[in-house]
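Quick look at upload-v7.pdb (PDB, N, CA and C atoms, pLDDT in the B column):
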ATOM      1  N   MET A1257     -32.645 -35.777 -12.255  1.00 81.00           N
ATOM      2  CA  MET A1257     -31.946 -35.142 -11.166  1.00 81.00           C
ATOM      3  C   MET A1257     -32.940 -34.950 -10.013  1.00 81.00           C
ATOM      4  N   THR A1258     -32.498 -35.305  -8.833  1.00 92.00           N
ATOM      5  CA  THR A1258     -33.372 -35.199  -7.664  1.00 92.00           C
ATOM      6  C   THR A1258     -33.439 -33.749  -7.190  1.00 92.00           C
ATOM      7  N   PRO A1259     -34.491 -33.414  -6.481  1.00 91.00           N
ATOM      8  CA  PRO A1259     -34.593 -32.038  -5.968  1.00 91.00           C
ATOM      9  C   PRO A1259     -33.444 -31.658  -5.032  1.00 91.00           C
ATOM     10  N   ASP A1260     -32.963 -32.614  -4.244  1.00 93.00           N
ATOM     11  CA  ASP A1260     -31.836 -32.330  -3.346  1.00 93.00           C
ATOM     12  C   ASP A1260     -30.576 -31.978  -4.142  1.00 93.00           C
ATOM     13  N   ALA A1261     -30.289 -32.716  -5.170  1.00 93.00           N
ATOM     14  CA  ALA A1261     -29.113 -32.454  -6.005  1.00 93.00           C
ATOM     15  C   ALA A1261     -29.267 -31.137  -6.747  1.00 93.00           C
ATOM     16  N   LEU A1262     -30.466 -30.822  -7.177  1.00 95.00           N
ATOM     17  CA  LEU A1262     -30.717 -29.560  -7.867  1.00 95.00           C
ATOM     18  C   LEU A1262     -30.490 -28.370  -6.940  1.00 95.00           C
ATOM     19  N   ILE A1263     -30.978 -28.461  -5.718  1.00 96.00           N
ATOM     20  CA  ILE A1263     -30.785 -27.379  -4.738  1.00 96.00           C
ATOM     21  C   ILE A1263     -29.300 -27.241  -4.397  1.00 96.00           C
ATOM     22  N   LEU A1264     -28.607 -28.361  -4.208  1.00 96.00           N
ATOM     23  CA  LEU A1264     -27.166 -28.335  -3.918  1.00 96.00           C
ATOM     24  C   LEU A1264     -26.392 -27.686  -5.057  1.00 96.00           C
ATOM     25  N   ALA A1265     -26.696 -28.036  -6.285  1.00 96.00           N
ATOM     26  CA  ALA A1265     -26.018 -27.446  -7.439  1.00 96.00           C
ATOM     27  C   ALA A1265     -26.287 -25.945  -7.513  1.00 96.00           C
ATOM     28  N   PHE A1266     -27.512 -25.531  -7.250  1.00 97.00           N
ATOM     29  CA  PHE A1266     -27.866 -24.108  -7.276  1.00 97.00           C
ATOM     30  C   PHE A1266     -27.095 -23.335  -6.207  1.00 97.00           C
ATOM     31  N   VAL A1267     -27.018 -23.886  -5.000  1.00 97.00           N
ATOM     32  CA  VAL A1267     -26.285 -23.228  -3.904  1.00 97.00           C
ATOM     33  C   VAL A1267     -24.792 -23.160  -4.226  1.00 97.00           C
ATOM     34  N   LEU A1268     -24.224 -24.220  -4.765  1.00 97.00           N
ATOM     35  CA  LEU A1268     -22.805 -24.220  -5.121  1.00 97.00           C
ATOM     36  C   LEU A1268     -22.488 -23.204  -6.217  1.00 97.00           C
ATOM     37  N   VAL A1269     -23.365 -23.080  -7.192  1.00 97.00           N
ATOM     38  CA  VAL A1269     -23.159 -22.087  -8.257  1.00 97.00           C
ATOM     39  C   VAL A1269     -23.211 -20.672  -7.676  1.00 97.00           C
ATOM     40  N   LEU A1270     -24.164 -20.425  -6.781  1.00 97.00           N
ATOM     41  CA  LEU A1270     -24.243 -19.106  -6.149  1.00 97.00           C
ATOM     42  C   LEU A1270     -23.015 -18.803  -5.298  1.00 97.00           C
ATOM     43  N   LEU A1271     -22.541 -19.782  -4.539  1.00 98.00           N
ATOM     44  CA  LEU A1271     -21.333 -19.580  -3.728  1.00 98.00           C
ATOM     45  C   LEU A1271     -20.103 -19.345  -4.602  1.00 98.00           C
ATOM     46  N   ALA A1272     -19.997 -20.062  -5.695  1.00 97.00           N
ATOM     47  CA  ALA A1272     -18.874 -19.867  -6.615  1.00 97.00           C
ATOM     48  C   ALA A1272     -18.923 -18.467  -7.232  1.00 97.00           C
ATOM     49  N   ALA A1273     -20.098 -18.014  -7.617  1.00 97.00           N
ATOM     50  CA  ALA A1273     -20.239 -16.674  -8.181  1.00 97.00           C
ATOM     51  C   ALA A1273     -19.880 -15.611  -7.141  1.00 97.00           C
ATOM     52  N   LEU A1274     -20.314 -15.815  -5.909  1.00 97.00           N
ATOM     53  CA  LEU A1274     -19.987 -14.878  -4.841  1.00 97.00           C
ATOM     54  C   LEU A1274     -18.480 -14.836  -4.586  1.00 97.00           C
ATOM     55  N   ALA A1275     -17.817 -15.995  -4.622  1.00 97.00           N
ATOM     56  CA  ALA A1275     -16.371 -16.057  -4.428  1.00 97.00           C
ATOM     57  C   ALA A1275     -15.636 -15.327  -5.554  1.00 97.00           C
ATOM     58  N   VAL A1276     -16.095 -15.492  -6.787  1.00 97.00           N
ATOM     59  CA  VAL A1276     -15.463 -14.802  -7.922  1.00 97.00           C
ATOM     60  C   VAL A1276     -15.639 -13.293  -7.798  1.00 97.00           C
ATOM     61  N   ILE A1277     -16.797 -12.841  -7.400  1.00 96.00           N
ATOM     62  CA  ILE A1277     -17.046 -11.401  -7.231  1.00 96.00           C
ATOM     63  C   ILE A1277     -16.186 -10.839  -6.110  1.00 96.00           C
ATOM     64  N   ALA A1278     -16.071 -11.557  -4.998  1.00 96.00           N
ATOM     65  CA  ALA A1278     -15.243 -11.101  -3.879  1.00 96.00           C
ATOM     66  C   ALA A1278     -13.775 -11.027  -4.285  1.00 96.00           C
ATOM     67  N   PHE A1279     -13.298 -12.035  -5.013  1.00 96.00           N
ATOM     68  CA  PHE A1279     -11.912 -12.039  -5.475  1.00 96.00           C
ATOM     69  C   PHE A1279     -11.657 -10.871  -6.426  1.00 96.00           C
ATOM     70  N   TYR A1280     -12.546 -10.645  -7.358  1.00 94.00           N
ATOM     71  CA  TYR A1280     -12.404  -9.540  -8.310  1.00 94.00           C
ATOM     72  C   TYR A1280     -12.411  -8.197  -7.584  1.00 94.00           C
ATOM     73  N   SER A1281     -13.284  -8.036  -6.615  1.00 92.00           N
ATOM     74  CA  SER A1281     -13.366  -6.783  -5.865  1.00 92.00           C
ATOM     75  C   SER A1281     -12.085  -6.541  -5.069  1.00 92.00           C
ATOM     76  N   HIS A1282     -11.572  -7.584  -4.447  1.00 91.00           N
ATOM     77  CA  HIS A1282     -10.334  -7.456  -3.673  1.00 91.00           C
ATOM     78  C   HIS A1282      -9.161  -7.078  -4.577  1.00 91.00           C
ATOM     79  N   ARG A1283      -9.039  -7.723  -5.714  1.00 89.00           N
ATOM     80  CA  ARG A1283      -7.952  -7.407  -6.656  1.00 89.00           C
ATOM     81  C   ARG A1283      -8.066  -5.981  -7.182  1.00 89.00           C
ATOM     82  N   ARG A1284      -9.273  -5.534  -7.406  1.00 86.00           N
ATOM     83  CA  ARG A1284      -9.482  -4.184  -7.920  1.00 86.00           C
ATOM     84  C   ARG A1284      -9.098  -3.140  -6.874  1.00 86.00           C
ATOM     85  N   GLN A1285      -9.425  -3.383  -5.610  1.00 82.00           N
ATOM     86  CA  GLN A1285      -9.048  -2.467  -4.543  1.00 82.00           C
ATOM     87  C   GLN A1285      -7.537  -2.420  -4.380  1.00 82.00           C
ATOM     88  N   GLN A1286      -6.858  -3.542  -4.469  1.00 78.00           N
ATOM     89  CA  GLN A1286      -5.412  -3.582  -4.313  1.00 78.00           C
ATOM     90  C   GLN A1286      -4.720  -2.808  -5.429  1.00 78.00           C
ATOM     91  N   ARG A1287      -5.277  -2.826  -6.608  1.00 76.00           N
ATOM     92  CA  ARG A1287      -4.647  -2.173  -7.744  1.00 76.00           C
ATOM     93  C   ARG A1287      -4.668  -0.657  -7.608  1.00 76.00           C
ATOM     94  N   PHE A1288      -5.696  -0.100  -6.959  1.00 74.00           N
ATOM     95  CA  PHE A1288      -5.835   1.342  -6.875  1.00 74.00           C
ATOM     96  C   PHE A1288      -5.385   1.936  -5.549  1.00 74.00           C
ATOM     97  N   LYS A1289      -4.962   1.120  -4.599  1.00 72.00           N
ATOM     98  CA  LYS A1289      -4.474   1.640  -3.328  1.00 72.00           C
ATOM     99  C   LYS A1289      -3.085   2.227  -3.530  1.00 72.00           C
ATOM    100  N   PRO A1290      -2.833   3.379  -2.946  1.00 74.00           N
ATOM    101  CA  PRO A1290      -1.474   3.913  -3.035  1.00 74.00           C
ATOM    102  C   PRO A1290      -0.521   3.079  -2.184  1.00 74.00           C
ATOM    103  N   THR A1291       0.674   2.877  -2.677  1.00 74.00           N
ATOM    104  CA  THR A1291       1.654   2.111  -1.915  1.00 74.00           C
ATOM    105  C   THR A1291       2.309   3.006  -0.871  1.00 74.00           C
ATOM    106  N   GLN A1292       2.628   2.413   0.253  1.00 76.00           N
ATOM    107  CA  GLN A1292       3.240   3.172   1.328  1.00 76.00           C
ATOM    108  C   GLN A1292       4.683   3.474   0.971  1.00 76.00           C
ATOM    109  N   SER A1293       5.072   4.724   1.146  1.00 75.00           N
ATOM    110  CA  SER A1293       6.425   5.145   0.821  1.00 75.00           C
ATOM    111  C   SER A1293       7.383   4.659   1.902  1.00 75.00           C
ATOM    112  N   ARG A1294       8.530   4.143   1.480  1.00 82.00           N
ATOM    113  CA  ARG A1294       9.543   3.682   2.419  1.00 82.00           C
ATOM    114  C   ARG A1294      10.628   4.743   2.618  1.00 82.00           C
ATOM    115  N   ASP A1295      10.441   5.936   2.054  1.00 86.00           N
ATOM    116  CA  ASP A1295      11.426   6.996   2.183  1.00 86.00           C
ATOM    117  C   ASP A1295      11.510   7.496   3.621  1.00 86.00           C
ATOM    118  N   HIS A1296      12.667   8.020   3.969  1.00 90.00           N
ATOM    119  CA  HIS A1296      12.874   8.599   5.291  1.00 90.00           C
ATOM    120  C   HIS A1296      12.664  10.113   5.208  1.00 90.00           C
ATOM    121  N   ILE A1297      12.231  10.695   6.310  1.00 91.00           N
ATOM    122  CA  ILE A1297      11.961  12.134   6.368  1.00 91.00           C
ATOM    123  C   ILE A1297      13.122  12.819   7.072  1.00 91.00           C
ATOM    124  N   PHE A1298      13.577  13.908   6.491  1.00 94.00           N
ATOM    125  CA  PHE A1298      14.684  14.682   7.043  1.00 94.00           C
ATOM    126  C   PHE A1298      14.241  16.131   7.244  1.00 94.00           C
ATOM    127  N   ARG A1299      14.792  16.780   8.287  1.00 93.00           N
ATOM    128  CA  ARG A1299      14.586  18.215   8.499  1.00 93.00           C
ATOM    129  C   ARG A1299      15.972  18.838   8.625  1.00 93.00           C
ATOM    130  N   CYS A1300      16.212  19.847   7.817  1.00 93.00           N
ATOM    131  CA  CYS A1300      17.503  20.517   7.815  1.00 93.00           C
ATOM    132  C   CYS A1300      17.690  21.291   9.122  1.00 93.00           C
ATOM    133  N   THR A1301      18.865  21.131   9.731  1.00 91.00           N
ATOM    134  CA  THR A1301      19.154  21.829  10.985  1.00 91.00           C
ATOM    135  C   THR A1301      19.499  23.299  10.746  1.00 91.00           C
ATOM    136  N   LYS A1302      19.848  23.649   9.529  1.00 92.00           N
ATOM    137  CA  LYS A1302      20.238  25.029   9.228  1.00 92.00           C
ATOM    138  C   LYS A1302      19.063  25.871   8.721  1.00 92.00           C
ATOM    139  N   CYS A1303      18.294  25.349   7.742  1.00 94.00           N
ATOM    140  CA  CYS A1303      17.224  26.154   7.135  1.00 94.00           C
ATOM    141  C   CYS A1303      15.812  25.627   7.440  1.00 94.00           C
ATOM    142  N   ASP A1304      15.688  24.541   8.239  1.00 91.00           N
ATOM    143  CA  ASP A1304      14.412  23.942   8.641  1.00 91.00           C
ATOM    144  C   ASP A1304      13.583  23.404   7.467  1.00 91.00           C
ATOM    145  N   TYR A1305      14.206  23.119   6.339  1.00 94.00           N
ATOM    146  CA  TYR A1305      13.510  22.553   5.191  1.00 94.00           C
ATOM    147  C   TYR A1305      13.241  21.071   5.455  1.00 94.00           C
ATOM    148  N   VAL A1306      12.031  20.607   5.177  1.00 93.00           N
ATOM    149  CA  VAL A1306      11.656  19.210   5.364  1.00 93.00           C
ATOM    150  C   VAL A1306      11.622  18.541   3.996  1.00 93.00           C
ATOM    151  N   TYR A1307      12.294  17.382   3.890  1.00 94.00           N
ATOM    152  CA  TYR A1307      12.371  16.669   2.616  1.00 94.00           C
ATOM    153  C   TYR A1307      12.507  15.169   2.877  1.00 94.00           C
ATOM    154  N   THR A1308      12.376  14.359   1.838  1.00 91.00           N
ATOM    155  CA  THR A1308      12.510  12.904   1.954  1.00 91.00           C
ATOM    156  C   THR A1308      13.691  12.428   1.128  1.00 91.00           C
ATOM    157  N   ASP A1309      14.175  11.239   1.511  1.00 91.00           N
ATOM    158  CA  ASP A1309      15.251  10.595   0.766  1.00 91.00           C
ATOM    159  C   ASP A1309      15.065   9.083   0.873  1.00 91.00           C
ATOM    160  N   ASP A1310      15.833   8.317   0.133  1.00 88.00           N
ATOM    161  CA  ASP A1310      15.692   6.864   0.096  1.00 88.00           C
ATOM    162  C   ASP A1310      15.846   6.238   1.477  1.00 88.00           C
ATOM    163  N   GLU A1311      15.312   5.029   1.627  1.00 85.00           N
ATOM    164  CA  GLU A1311      15.332   4.366   2.923  1.00 85.00           C
ATOM    165  C   GLU A1311      16.716   3.871   3.315  1.00 85.00           C
ATOM    166  N   ASP A1312      17.624   3.695   2.369  1.00 86.00           N
ATOM    167  CA  ASP A1312      18.955   3.184   2.683  1.00 86.00           C
ATOM    168  C   ASP A1312      19.960   4.289   3.016  1.00 86.00           C
ATOM    169  N   VAL A1313      19.501   5.538   3.120  1.00 85.00           N
ATOM    170  CA  VAL A1313      20.371   6.674   3.396  1.00 85.00           C
ATOM    171  C   VAL A1313      20.246   7.060   4.864  1.00 85.00           C
ATOM    172  N   GLU A1314      21.397   7.143   5.588  1.00 86.00           N
ATOM    173  CA  GLU A1314      21.373   7.564   6.985  1.00 86.00           C
ATOM    174  C   GLU A1314      21.580   9.074   7.112  1.00 86.00           C
ATOM    175  N   LEU A1315      22.439   9.617   6.292  1.00 91.00           N
ATOM    176  CA  LEU A1315      22.666  11.063   6.233  1.00 91.00           C
ATOM    177  C   LEU A1315      22.278  11.545   4.846  1.00 91.00           C
ATOM    178  N   SER A1316      21.617  12.692   4.802  1.00 92.00           N
ATOM    179  CA  SER A1316      21.155  13.201   3.521  1.00 92.00           C
ATOM    180  C   SER A1316      21.491  14.685   3.405  1.00 92.00           C
ATOM    181  N   ARG A1317      21.844  15.090   2.201  1.00 92.00           N
ATOM    182  CA  ARG A1317      22.185  16.488   1.947  1.00 92.00           C
ATOM    183  C   ARG A1317      20.908  17.271   1.645  1.00 92.00           C
ATOM    184  N   CYS A1318      20.737  18.411   2.312  1.00 93.00           N
ATOM    185  CA  CYS A1318      19.573  19.273   2.125  1.00 93.00           C
ATOM    186  C   CYS A1318      19.589  19.848   0.706  1.00 93.00           C
ATOM    187  N   PRO A1319      18.478  19.738  -0.027  1.00 93.00           N
ATOM    188  CA  PRO A1319      18.448  20.283  -1.383  1.00 93.00           C
ATOM    189  C   PRO A1319      18.443  21.811  -1.414  1.00 93.00           C
ATOM    190  N   GLN A1320      18.120  22.466  -0.305  1.00 93.00           N
ATOM    191  CA  GLN A1320      18.072  23.930  -0.260  1.00 93.00           C
ATOM    192  C   GLN A1320      19.442  24.541   0.012  1.00 93.00           C
ATOM    193  N   CYS A1321      20.126  24.056   1.089  1.00 93.00           N
ATOM    194  CA  CYS A1321      21.376  24.709   1.494  1.00 93.00           C
ATOM    195  C   CYS A1321      22.590  23.794   1.477  1.00 93.00           C
ATOM    196  N   GLY A1322      22.399  22.474   1.298  1.00 91.00           N
ATOM    197  CA  GLY A1322      23.517  21.551   1.178  1.00 91.00           C
ATOM    198  C   GLY A1322      24.044  20.994   2.494  1.00 91.00           C
ATOM    199  N   THR A1323      23.409  21.267   3.609  1.00 91.00           N
ATOM    200  CA  THR A1323      23.839  20.758   4.908  1.00 91.00           C
ATOM    201  C   THR A1323      23.471  19.276   5.025  1.00 91.00           C
ATOM    202  N   MET A1324      24.374  18.486   5.625  1.00 92.00           N
ATOM    203  CA  MET A1324      24.101  17.071   5.854  1.00 92.00           C
ATOM    204  C   MET A1324      23.229  16.932   7.099  1.00 92.00           C
ATOM    205  N   ASN A1325      22.174  16.117   7.003  1.00 92.00           N
ATOM    206  CA  ASN A1325      21.219  15.973   8.095  1.00 92.00           C
ATOM    207  C   ASN A1325      20.955  14.511   8.382  1.00 92.00           C
ATOM    208  N   GLU A1326      20.581  14.233   9.652  1.00 90.00           N
ATOM    209  CA  GLU A1326      20.176  12.890  10.054  1.00 90.00           C
ATOM    210  C   GLU A1326      18.661  12.744   9.906  1.00 90.00           C
ATOM    211  N   GLU A1327      18.222  11.482   9.859  1.00 89.00           N
ATOM    212  CA  GLU A1327      16.804  11.195   9.723  1.00 89.00           C
ATOM    213  C   GLU A1327      16.029  11.729  10.925  1.00 89.00           C
ATOM    214  N   MET A1328      14.811  12.213  10.664  1.00 84.00           N
ATOM    215  CA  MET A1328      13.942  12.709  11.718  1.00 84.00           C
ATOM    216  C   MET A1328      13.270  11.548  12.411  1.00 84.00           C
ATOM    217  N   GLU A1329      13.226  11.569  13.743  1.00 80.00           N
ATOM    218  CA  GLU A1329      12.549  10.539  14.518  1.00 80.00           C
ATOM    219  C   GLU A1329      11.239  11.099  15.046  1.00 80.00           C
ATOM    220  N   PHE A1330      10.150  10.334  14.927  1.00 73.00           N
ATOM    221  CA  PHE A1330       8.860  10.760  15.434  1.00 73.00           C
ATOM    222  C   PHE A1330       8.582  10.135  16.762  1.00 73.00           C
TER     223      PHE A1330
END

How would this structure read if it were set down as structure tokens?
Amino acid sequence: MTPDALILAFVLVLLAALAVIAFYSHRRQQRFKPTQSRDHIFRCTKCDYVYTDDEDVELSRCPQCGTMNEEMEF
């Protein structure tokens, strides 16, 4: 094996190892990140209670007093 081929093989092995470590690190970070909630935020017009409900709900009943409320806009 020529010195040029030996150096090329060594560099390729190092790059492959670096790629595997980067991929593993990225996958590990993705696994532990909290997922963003798609719930909507509501504030009761009667008792001012703040709560969340599913994203497909336009009107939601307050768990404290039972009043129907619209989604809060920020």

Could you work out an axis-aligned box for stretch 1295-1310 of chain A, taking every atom the file lists and adding 5 Å on each side, and report centre and edge lengths in Å to one decimal, as lines of an AutoDock Vina configuration file?
center_x = 15.3
center_y = 16.0
center_z = 5.5
size_x = 19.8
size_y = 30.2
size_z = 20.9

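Atom C of A:Thr1308 lies 14.4 Å from atom N of A:Phe1330.
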
Problem - Residue neighbourhood stretch 1311-1313 of chain A, 5 Å, all atoms listed in the file, exclusion window fewer than 4 positions, as a ChimeraX atom specification - result: /A:1294-1296

Going by DSSP on the backbone, which residues of chain A come out as helix (DSSP H, G or I)? List them as a PDB file with N, CA and C atoms, keeping the file's coordinate frame.
ATOM      1  N   PRO A1259     -34.491 -33.414  -6.481  1.00 91.00           N
ATOM      2  CA  PRO A1259     -34.593 -32.038  -5.968  1.00 91.00           C
ATOM      3  C   PRO A1259     -33.444 -31.658  -5.032  1.00 91.00           C
ATOM      4  N   ASP A1260     -32.963 -32.614  -4.244  1.00 93.00           N
ATOM      5  CA  ASP A1260     -31.836 -32.330  -3.346  1.00 93.00           C
ATOM      6  C   ASP A1260     -30.576 -31.978  -4.142  1.00 93.00           C
ATOM      7  N   ALA A1261     -30.289 -32.716  -5.170  1.00 93.00           N
ATOM      8  CA  ALA A1261     -29.113 -32.454  -6.005  1.00 93.00           C
ATOM      9  C   ALA A1261     -29.267 -31.137  -6.747  1.00 93.00           C
ATOM     10  N   LEU A1262     -30.466 -30.822  -7.177  1.00 95.00           N
ATOM     11  CA  LEU A1262     -30.717 -29.560  -7.867  1.00 95.00           C
ATOM     12  C   LEU A1262     -30.490 -28.370  -6.940  1.00 95.00           C
ATOM     13  N   ILE A1263     -30.978 -28.461  -5.718  1.00 96.00           N
ATOM     14  CA  ILE A1263     -30.785 -27.379  -4.738  1.00 96.00           C
ATOM     15  C   ILE A1263     -29.300 -27.241  -4.397  1.00 96.00           C
ATOM     16  N   LEU A1264     -28.607 -28.361  -4.208  1.00 96.00           N
ATOM     17  CA  LEU A1264     -27.166 -28.335  -3.918  1.00 96.00           C
ATOM     18  C   LEU A1264     -26.392 -27.686  -5.057  1.00 96.00           C
ATOM     19  N   ALA A1265     -26.696 -28.036  -6.285  1.00 96.00           N
ATOM     20  CA  ALA A1265     -26.018 -27.446  -7.439  1.00 96.00           C
ATOM     21  C   ALA A1265     -26.287 -25.945  -7.513  1.00 96.00           C
ATOM     22  N   PHE A1266     -27.512 -25.531  -7.250  1.00 97.00           N
ATOM     23  CA  PHE A1266     -27.866 -24.108  -7.276  1.00 97.00           C
ATOM     24  C   PHE A1266     -27.095 -23.335  -6.207  1.00 97.00           C
ATOM     25  N   VAL A1267     -27.018 -23.886  -5.000  1.00 97.00           N
ATOM     26  CA  VAL A1267     -26.285 -23.228  -3.904  1.00 97.00           C
ATOM     27  C   VAL A1267     -24.792 -23.160  -4.226  1.00 97.00           C
ATOM     28  N   LEU A1268     -24.224 -24.220  -4.765  1.00 97.00           N
ATOM     29  CA  LEU A1268     -22.805 -24.220  -5.121  1.00 97.00           C
ATOM     30  C   LEU A1268     -22.488 -23.204  -6.217  1.00 97.00           C
ATOM     31  N   VAL A1269     -23.365 -23.080  -7.192  1.00 97.00           N
ATOM     32  CA  VAL A1269     -23.159 -22.087  -8.257  1.00 97.00           C
ATOM     33  C   VAL A1269     -23.211 -20.672  -7.676  1.00 97.00           C
ATOM     34  N   LEU A1270     -24.164 -20.425  -6.781  1.00 97.00           N
ATOM     35  CA  LEU A1270     -24.243 -19.106  -6.149  1.00 97.00           C
ATOM     36  C   LEU A1270     -23.015 -18.803  -5.298  1.00 97.00           C
ATOM     37  N   LEU A1271     -22.541 -19.782  -4.539  1.00 98.00           N
ATOM     38  CA  LEU A1271     -21.333 -19.580  -3.728  1.00 98.00           C
ATOM     39  C   LEU A1271     -20.103 -19.345  -4.602  1.00 98.00           C
ATOM     40  N   ALA A1272     -19.997 -20.062  -5.695  1.00 97.00           N
ATOM     41  CA  ALA A1272     -18.874 -19.867  -6.615  1.00 97.00           C
ATOM     42  C   ALA A1272     -18.923 -18.467  -7.232  1.00 97.00           C
ATOM     43  N   ALA A1273     -20.098 -18.014  -7.617  1.00 97.00           N
ATOM     44  CA  ALA A1273     -20.239 -16.674  -8.181  1.00 97.00           C
ATOM     45  C   ALA A1273     -19.880 -15.611  -7.141  1.00 97.00           C
ATOM     46  N   LEU A1274     -20.314 -15.815  -5.909  1.00 97.00           N
ATOM     47  CA  LEU A1274     -19.987 -14.878  -4.841  1.00 97.00           C
ATOM     48  C   LEU A1274     -18.480 -14.836  -4.586  1.00 97.00           C
ATOM     49  N   ALA A1275     -17.817 -15.995  -4.622  1.00 97.00           N
ATOM     50  CA  ALA A1275     -16.371 -16.057  -4.428  1.00 97.00           C
ATOM     51  C   ALA A1275     -15.636 -15.327  -5.554  1.00 97.00           C
ATOM     52  N   VAL A1276     -16.095 -15.492  -6.787  1.00 97.00           N
ATOM     53  CA  VAL A1276     -15.463 -14.802  -7.922  1.00 97.00           C
ATOM     54  C   VAL A1276     -15.639 -13.293  -7.798  1.00 97.00           C
ATOM     55  N   ILE A1277     -16.797 -12.841  -7.400  1.00 96.00           N
ATOM     56  CA  ILE A1277     -17.046 -11.401  -7.231  1.00 96.00           C
ATOM     57  C   ILE A1277     -16.186 -10.839  -6.110  1.00 96.00           C
ATOM     58  N   ALA A1278     -16.071 -11.557  -4.998  1.00 96.00           N
ATOM     59  CA  ALA A1278     -15.243 -11.101  -3.879  1.00 96.00           C
ATOM     60  C   ALA A1278     -13.775 -11.027  -4.285  1.00 96.00           C
ATOM     61  N   PHE A1279     -13.298 -12.035  -5.013  1.00 96.00           N
ATOM     62  CA  PHE A1279     -11.912 -12.039  -5.475  1.00 96.00           C
ATOM     63  C   PHE A1279     -11.657 -10.871  -6.426  1.00 96.00           C
ATOM     64  N   TYR A1280     -12.546 -10.645  -7.358  1.00 94.00           N
ATOM     65  CA  TYR A1280     -12.404  -9.540  -8.310  1.00 94.00           C
ATOM     66  C   TYR A1280     -12.411  -8.197  -7.584  1.00 94.00           C
ATOM     67  N   SER A1281     -13.284  -8.036  -6.615  1.00 92.00           N
ATOM     68  CA  SER A1281     -13.366  -6.783  -5.865  1.00 92.00           C
ATOM     69  C   SER A1281     -12.085  -6.541  -5.069  1.00 92.00           C
ATOM     70  N   HIS A1282     -11.572  -7.584  -4.447  1.00 91.00           N
ATOM     71  CA  HIS A1282     -10.334  -7.456  -3.673  1.00 91.00           C
ATOM     72  C   HIS A1282      -9.161  -7.078  -4.577  1.00 91.00           C
ATOM     73  N   ARG A1283      -9.039  -7.723  -5.714  1.00 89.00           N
ATOM     74  CA  ARG A1283      -7.952  -7.407  -6.656  1.00 89.00           C
ATOM     75  C   ARG A1283      -8.066  -5.981  -7.182  1.00 89.00           C
ATOM     76  N   ARG A1284      -9.273  -5.534  -7.406  1.00 86.00           N
ATOM     77  CA  ARG A1284      -9.482  -4.184  -7.920  1.00 86.00           C
ATOM     78  C   ARG A1284      -9.098  -3.140  -6.874  1.00 86.00           C
ATOM     79  N   GLN A1285      -9.425  -3.383  -5.610  1.00 82.00           N
ATOM     80  CA  GLN A1285      -9.048  -2.467  -4.543  1.00 82.00           C
ATOM     81  C   GLN A1285      -7.537  -2.420  -4.380  1.00 82.00           C
ATOM     82  N   GLN A1286      -6.858  -3.542  -4.469  1.00 78.00           N
ATOM     83  CA  GLN A1286      -5.412  -3.582  -4.313  1.00 78.00           C
ATOM     84  C   GLN A1286      -4.720  -2.808  -5.429  1.00 78.00           C
ATOM     85  N   ARG A1287      -5.277  -2.826  -6.608  1.00 76.00           N
ATOM     86  CA  ARG A1287      -4.647  -2.173  -7.744  1.00 76.00           C
ATOM     87  C   ARG A1287      -4.668  -0.657  -7.608  1.00 76.00           C
ATOM     88  N   PHE A1288      -5.696  -0.100  -6.959  1.00 74.00           N
ATOM     89  CA  PHE A1288      -5.835   1.342  -6.875  1.00 74.00           C
ATOM     90  C   PHE A1288      -5.385   1.936  -5.549  1.00 74.00           C
TER      91      PHE A1288
END

Handout entry: Atomic distance atom C of A:Leu1315 - atom C of A:Phe1298, expressed in Å with one decimal
Key = 9.6 Å

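Atom N of A:Leu1274 is found 19.6 Å from atom N of A:Ala1261.
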
Practice task
Could you tell me which of A:Cys1321, A:Val1276, A:Ser1316, A:Pro1290 comes closest to A:Cys1303 if we count all atoms listed in the file?
Solution key: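 When distances to A:Cys1303 are compared using all atoms listed in the file, the smallest one comes from A:Cys1321.
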
Exercise for the section: Within 8 Å of (15.7, 18.1, 7.2) (coordinates as in the file), grab all the protein and nucleic acid residues, counting all atoms listed in the file, and write them out as JSON, numbers by chain. Expected result: {"A": [1297, 1298, 1299, 1300, 1301, 1302, 1303, 1304, 1305, 1306, 1307, 1308, 1316, 1317, 1318, 1319, 1324, 1325, 1326, 1327, 1328]}
